[in-house]
Every structure is written in structure tokens, then in C-alpha cells.
Amino acid sequence: MRQLLPARFFTLTVFAFAALACSRALPYEARAQTFQTSAPTAILVDADSHAVLFEKNADELTAPASMAKTMTVEVVFNEIKNGRLSFDSTFTISENAWRKGGGGSGGSSMFAQVNSTIRLEDLLRGLIIQSGNDAAIAIAEGVAGTEENFAKLMNERARQIGLTKSTFRNATGYGHPEQKVTVRDLAKLAIHIIETYPDLYKIFGEREFTWNKIRQQNRNPLLAMDIGADGLKTGNIEESGYGLIGSAVQNGQRLVVVVNGFKTAKDRANESRKLLDWGFRAFETQQLFAAGQVVGEAQVFGGSKRSLPLVSRKPIRVLVPRGDGERVTARIIYTGPLKAPIQKGAEVARLQVNRGEMQALEMPLYANEDIQEGSLSQRALDGLLEFSTGWVRRAFTSVIERI
């Protein structure tokens, strides 16, 4: 045990043999929440640590409305990042895109002319700033041939980036019985976009865009508030109510808020701001380890060394309520002993940090050095130890699963 701050202690427990059931990422849960919101579903996340500060029905499946366009944007940003598209790529506004998403469709529109050819840079602004359904459909058709095929790409990318429960059926967010998301997944999506495409993300913060001589304001109400907001997307259809994915930065800290199910746009804006204000005000950051600092060790089987130092690539910080005296504890979780050879930089474990009874953070840990395969005698000795202590590990695993 080492003292972290007066009246707050940090305990690091290293588990040499961790249960498989405990090696997976666990959902964060804010058990001791003091904030109250009228939002039917909501989540507030610290973007740097990915720690959840508040959640309410965060895993409930709901219709995303135009917030689904955020997934459409991610697919396009990924294509740009990988060189398959550029801002200068051009797309045609088909009759289908014009009829389903144009000015006469009754939904949000870029007001692009049928059969016109538009650069991707402009279509992205029409999609993000104006929430244009015509822009979304034109992009989907241009990338994948049909909107249905593009939705398959959306789902593939969603799984790749860790969205485990959400399903997309179109690029616009139009109502579909199978198109459902959770606010937790939308928060993950927002943080992924912010971290992976920092330059492209800036489009979300632009306040207005003019196309076809029609100027439209960004539909995100947070941008007009003096709270450091710079994204991301709103949504509203009958099935979903009013929803919002928002992000703001204050004093170097970024928070992401996602809400859905409000009856009015005013309630959506007010409650989103209240959540952000509370998050910035009620928490403070405590650093546990610097980037690259050795966090602990893992046991190694059949290697030139029997232990491996573990590090994090990012600073390990936990957010704690101001004035809170809860104990902060951490445990290194891995399936072991690790088998040599092991390459430096390989992800081999995870660090789980708890604040009191609440899981506040889980981060990957990496090998801090190469460990070569050991000599024949070393491997033989390790094999004997493994055989003789296997029953100990099985008993230990049983205890871990009940923690």
C-alpha cells in the first residue's frame, strides 16, 4: 500500500493467475451517482480515461435517429484515412437520394440538386452540419453501391471499434425496426472519432454551411453555449424522441455526453448542458501512473526470465468526486503465467481500477521488454512447477470470479 493523497490510499494487487472471465473489459458503472436527470437514457464519459461519470439506462436499445449519421461519418473518415477516398472524391446525387433525402422529403436536407456531382468535402459538411439525408444517401451509394450495402459496412466498422450492441440499417437514421443503438455505444463511437480523426473531427464544430445558396446553422445546440462544445450530432424522429451526442473541453479535460428520448428539443439542450456542467465541476483527476511507468509484473512460463514488467502507453488517471475519501484500488488482470517468447510492446494484461466499489477504469498493459524462450532446463523446471501448482491456480481462479 502506498499513500496517494492525504485521506486517500491506493492499493495495487497483482494477480499472478487471473481468471479468463475477469480478463475481458467490464462495463463501467456509476453506483454512487448524485446527479439526477429527466433523460430516459443518458451517459457522461471522460474522453481521456474513458471513465463513466454518470449513466442512466445506458445499455437500453433505442432508435438513433440522425445520430446514426455519426456512424456514417466514421465509415467515410476511415476510408479517407486509408487513402481510398479524399476530399476531392466526387459523388452524384441520384434520384433516390434526392427523393428520399432532398428538400421535398420532409426531413433534414442539404438541398442538393438531383443528378448534380458534389465533392466529398462538401457532402461531409452537408451531412454533419446540415444533417442532410440526401448527402448521407449519396455517400452510401457512392461508397457501397446501395444504402443497404453501406449499412453492412457500418455494422462491420461498429464491431471493429467496439460497439457491441448497436445495429445500423441505413445511413440516414430514418426509422427502421432493426436499427437500434445504446447511448454507451454512441459515446464509444464519439470518443473513437475524436481520438482517431482529430483533423477531420473539426468539421463537427463548424457553426454553419451554405449549399445551393441555402445557409443552415449547425443543429447542435451546445455549440451556441459558452461551454467549450465542439461536436457532435443531434437526432429526432418519432420513435426516438430528441437525442444528442455532445462533447466539450474545459481546462484540457474533454467530456462526452449522450442523451436520447426527450420530448422537446429544449429539454434535450438543457439536460445535456447540465450533465456537462456537473461533470466538469464535480470531479477531479488523480494520476496513478505516468505513461511508460512500470505498473507491476506478470509471471512468465518457459522464458529466460520469470517475470515481466508491465506498463501503460498512456498516463493512468482516475476521476474522483471532489472531497471524496474513497479508497482507490487497482488489480492487474491477465491469463497466466504468460508463455515465452514475449515481444516488447505486446498487450498482455489489463489494469482494473476501482474507486470504492465502483469500477472506474480499465486499461491495457503492455510488455516492457522482450523475453526470449528459456533454456531446456528452465522450461523443464517451469513445466514441473506448472504441473504441481495447477490446482492452486484453479482454486485461486474460483476466488477471483466471486470478487
# chains A, B, ... in the order shown; residues from 1 in each chain; ligands from 1
$ residues_around --residues "range 70-85 of chain A" --least-positions-apart "4" --cutoff "8 Å" --atoms "only C-alpha atoms" --output "PyMOL selection string"
chain A and resi 66+89+124+128+136+140+153-154+157-158+171-172+189-190+193+197+200+232-233
$ select_by_dssp --residues "range 263-383 of chain A" --states "strand (DSSP E or B)" --output "ChimeraX atom specification"
/A:283-289,294-301,303,307-311,316-321,328-333,338-339,342,347-355,358-367,371,373
$ closest_residue --among "A:Leu53, A:Ile332, A:Ile43, A:Ala224" --to "Phe280 in chain A" --atoms "only C-alpha atoms"
A:Leu53
$ atom_distance --atom1 "CA of Ala360 in chain A" --atom2 "CA of Ala63 in chain A"
28.0 Å
$ select_by_dssp --residues "range 158-321 of chain A" --states "helix (DSSP H, G or I)" --output "ChimeraX atom specification"
/A:158-160,183-196,198-205,221-224,265-282
$ residues_around --residues "Phe35 in chain A" --least-positions-apart "3" --cutoff "10 Å" --atoms "only C-alpha atoms" --output "list in words"
Ala32, Leu53, Phe54, Glu55, Lys274, Leu275, Trp278, Gly279 and Ala282 of chain A
$ closest_residue --among "A:Ile342, A:Leu186, A:Leu276, A:Met67" --to "Asn236 in chain A" --atoms "only C-alpha atoms"
A:Met67
$ residues_around --residues "Ala51 in chain A" --least-positions-apart "3" --cutoff "7 Å" --atoms "only C-alpha atoms" --output "ChimeraX atom specification"
/A:45-46,360-361
$ residues_around --residues "Gly175 in chain A" --least-positions-apart "5" --cutoff "9 Å" --atoms "only C-alpha atoms" --output "list of chain:residue names"
A:Ala63, A:Pro64, A:Ala65, A:Asn170, A:Ile237, A:Glu238, A:Glu239, A:Ser240
